[in-house]
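The structure appears right after this line, and notes come after that.
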Amino acid sequence: MKSSNNKPLFERKNRAESETQTVRKKLITFPMLLSETQAYVAKHYASTLYESDKSEMVKQYIKQYVIDNNYYVDGCILSDVVDSIYIEMAEYSFLTPYLKSKEIEELNINAWDDIAVHPIGGKPFKLQEHFSSPQHAIDIMRRLLHNNKLVFDESRPIVTGYLDGNIRITATHPIVVGEHIGVSASIRIVNPQKITREQFIESDTCTADMHSFLKDCFIYGISQCYAGGTGSGKTTFMADIMSFYPDHKRLITIEKSVREFDLRKFDENGNVINNVIHMVTRDSDDPNRNVTIMNLLTAGLTMHPEGLVVAEMKNEESWEAQEASRTGHTVLTTTHASSTQGIYTRLATLCLQKYSNVPFPIIIRLVCEAFPIAIFMKQLEDGKRHLMEIAECSYRDGDQYDIRPLWTYEVRNQYRDDVGKVCIDGGFVRRNVVSDGLKKRLLENGMPQNLVNKYANDGKEGVINVS
């Protein structure tokens, strides 16, 4: 009798073995598989777990463990399971792709099960994904802070750290926000963007004349202070203004922990053609190793800079910055204020942290003299960023000073279109010319007469008095 199965014996044997293996595969939930694999890899390969150049090796260990135990996760292919286990063990769980994205500027963790994402130029949205538990959130946060070797527990419940040089993390422990919350954190992702003058003008961030004015003021020795909220575009715009600084002049930039500026220029042979030094602070639990903005500013002033950039002033370094500006250095900086008027009281308040016994009117006079030009930037509801105002400040008397608006952005109408998108109808208005005092300073600093006339002769004179 002829067999109904006429395939060769070895093929039938292999198929039978394959079917047997399929039957023997074990269904397992992902959390259980993660727990088992994590324990296995930690026990046998802990030394390679966090080494960046060993990631493929660790993934191979994970894959082999899954295969050897005949595990499978319902609905998932093996490669996806391996990748998911790896990012949970050696990376940052579901946060990993967002941390690597060039389209994300901030992640706000309100609780272990409540995470909001702020895309660049878009509206925030809530993630459907979240941590598996409060403890899971704590574990991932500790891993994020691992590179800084920072303690994150009840002895230090509020921690600020950095990841890969461009991600700032401020995390709060459960003893502050509650055990049921797990962790609350703000993760700021700095993706330096090189935007050209033409792009700023095309995107309605400013006009050509506004950009030229700020660029020329910086080149000819007029210090400026930028204000605006997080994400308003201060750093990006300031970096473009700095890119026009003459190559033969020495420029020093000082930033807090994360370097955003990259102003070095190269010729066709790779040789540096300008004179720029970038310095960054260093946080440490050891006071002897802590490098502050104040330290760098003090050191920078001994290095004979002609231009000095302090990325943001938050503390007593404001005193040294205004002193530097008033003694012949051109200073660009930013601070948190809600208007050009508010810049000067903000800077004066910060200066008081250094010398609290100096009368407030004297400090106001000093910061007005130090920073003649104030710029306020804002991101409006339609997502567009604008220089809302460029103003000139001059000290008057006591704690009073005059704000002369040079350009302003005026919102004429705001509405929603057919699909609910916010639309804003507005535009820039030239309000005033520069004062005689600023005109004199620009001429003394070498600005050509025809260029001074461009900013001194167009527009209508006027001031706003501020007390």
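Residues in the structure tokens are named by chain (A, B, ... in the order shown) and by number from 1 within that chain; ligands are numbered from 1 in the order shown.
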Practice task
Name the residues in contact with Gly221 of chain A at a cut-off of 8 Å, using only C-alpha atoms, excluding same-chain residues fewer than 3 positions from it; report them as a ChimeraX atom specification.
Solution key: /A:217-218,328-330,442,445
Exercise for the section: List every residue of segment 133-293 of chain A that DSSP, applied to the backbone of this structure, places in alpha helix (DSSP H), and write the result as a ChimeraX atom specification. Expected result: /A:134-144,174-177,197-202,208-219,234-242,293
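Of the residues listed (A:Tyr98, A:Phe266, A:Tyr40, A:Phe261), A:Tyr40 shows the shortest atom-to-atom separation from Tyr65 of chain A; distances use only C-alpha atoms.
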Practice task
Mind checking which residues fall within 12 Å of Phe237 of chain A, counting only C-alpha atoms, ignoring those fewer than 6 positions away in the same chain, and posting them as an MDAnalysis selection string?
Solution key: chainID A and resid 192:201 205:206 210:211 214:215 226:228 231 243:244 260:261 311 332:334 375:378 385:387
Exercise for the section: Would you work out the distance separating atom CA of Cys423 of chain A from atom CA of Ser212 of chain A, expressed in Å to one decimal? Expected result: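 Calculated distance between atom CA of Cys423 of chain A and atom CA of Ser212 of chain A is 27.9 Å.
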Phe94 of chain A surroundings by only C-alpha atoms, 9 Å radius, close-in-sequence under 6 positions cut, as a CSV table (one decimal) with N, CA, C and O atoms, in the first residue's frame:
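Heads up, here's the output in result31.csv:
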```
chain,number,residue,atom,x,y,z
A,84,SER,N,11.9,46.0,22.9
A,84,SER,CA,11.2,46.6,24.0
A,84,SER,C,11.8,46.3,25.4
A,84,SER,O,11.9,47.1,26.3
A,87,ILE,N,15.1,48.5,25.8
A,87,ILE,CA,14.9,49.9,26.2
A,87,ILE,C,14.3,50.0,27.6
A,87,ILE,O,14.6,51.1,28.3
A,88,GLU,N,13.6,49.0,28.1
A,88,GLU,CA,13.2,49.0,29.5
A,88,GLU,C,14.4,48.8,30.4
A,88,GLU,O,14.5,49.4,31.5
A,129,GLU,N,0.6,56.5,26.3
A,129,GLU,CA,1.6,55.6,27.0
A,129,GLU,C,1.9,56.2,28.4
A,129,GLU,O,1.9,57.4,28.6
A,130,HIS,N,2.3,55.4,29.3
A,130,HIS,CA,2.7,55.8,30.6
A,130,HIS,C,3.5,54.7,31.3
A,130,HIS,O,3.6,53.6,30.8
A,131,PHE,N,4.0,55.1,32.5
A,131,PHE,CA,4.8,54.1,33.3
A,131,PHE,C,3.8,53.0,33.8
A,131,PHE,O,2.6,53.2,33.9
```
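Using only C-alpha atoms, the smallest distance between any of A:Ile120, A:Ala239, A:Ile62, A:Ile254 and Leu301 of chain A comes from A:Ile254.
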Problem - Using only C-alpha atoms: which of A:Leu352, A:Leu380, A:Asp204, A:Ile85 has the shortest distance to Met32 of chain A - result: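 Of A:Leu352, A:Leu380, A:Asp204, A:Ile85, the one nearest Met32 of chain A is A:Ile85, counting only C-alpha atoms.
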Practice task
Could you check how far atom CA of Ala116 of chain A sits from atom CA of Ile187 of chain A, in Å to one decimal?
Solution key: 10.5 Å
Problem - DSSP strand (DSSP E) selection over segment 152-203 of chain A, as a PyMOL selection string - result: chain A and resi 158-163+167-172+184-189
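Using only C-alpha atoms, the nearest neighbour of Glu106 of chain A within the list A:His180, A:Lys59, A:Arg282, A:Lys123 is A:Lys123.
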Practice task
For Glu316 of chain A, list every protein, DNA or RNA residue within 6 Å, evaluated using only C-alpha atoms, and leave out those in the same chain fewer than 2 positions away; present the list as number ranges by chain.
Solution key: A: 318-319, 350-351, 353-354
Those same residues - N, CA, C and O atoms - I'd like them written as a PDB file, in the first residue's frame.
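File produced: out_22.pdb:
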```pdb
ATOM      1  N   SER A 318      24.245  88.532  37.651  1.00  0.00           N
ATOM      2  CA  SER A 318      23.729  89.729  36.988  1.00  0.00           C
ATOM      3  C   SER A 318      24.569  90.953  37.333  1.00  0.00           C
ATOM      4  O   SER A 318      24.743  91.853  36.502  1.00  0.00           O
ATOM      5  N   TRP A 319      25.071  91.002  38.569  1.00  0.00           N
ATOM      6  CA  TRP A 319      25.913  92.129  38.966  1.00  0.00           C
ATOM      7  C   TRP A 319      27.182  92.173  38.123  1.00  0.00           C
ATOM      8  O   TRP A 319      27.556  93.226  37.591  1.00  0.00           O
ATOM      9  N   LEU A 350      17.939  90.898  40.767  1.00  0.00           N
ATOM     10  CA  LEU A 350      18.991  89.887  40.768  1.00  0.00           C
ATOM     11  C   LEU A 350      20.309  90.466  41.282  1.00  0.00           C
ATOM     12  O   LEU A 350      21.055  89.788  42.002  1.00  0.00           O
ATOM     13  N   CYS A 351      20.600  91.704  40.908  1.00  0.00           N
ATOM     14  CA  CYS A 351      21.833  92.336  41.383  1.00  0.00           C
ATOM     15  C   CYS A 351      21.840  92.487  42.897  1.00  0.00           C
ATOM     16  O   CYS A 351      22.899  92.428  43.540  1.00  0.00           O
ATOM     17  N   GLN A 353      20.970  90.402  44.962  1.00  0.00           N
ATOM     18  CA  GLN A 353      21.439  89.170  45.588  1.00  0.00           C
ATOM     19  C   GLN A 353      22.938  89.241  45.879  1.00  0.00           C
ATOM     20  O   GLN A 353      23.434  88.569  46.786  1.00  0.00           O
ATOM     21  N   LYS A 354      23.638  90.049  45.104  1.00  0.00           N
ATOM     22  CA  LYS A 354      25.086  90.209  45.310  1.00  0.00           C
ATOM     23  C   LYS A 354      25.380  91.280  46.349  1.00  0.00           C
ATOM     24  O   LYS A 354      26.196  91.081  47.253  1.00  0.00           O
TER      25      LYS A 354
END
```
Problem - Distance criterion (only C-alpha atoms): nearest to Gly122 of chain A out of A:Gly342, A:Pro287, A:Pro97, A:Gly383 - result: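 Among the listed residues, the smallest separation from Gly122 of chain A belongs to A:Gly383.
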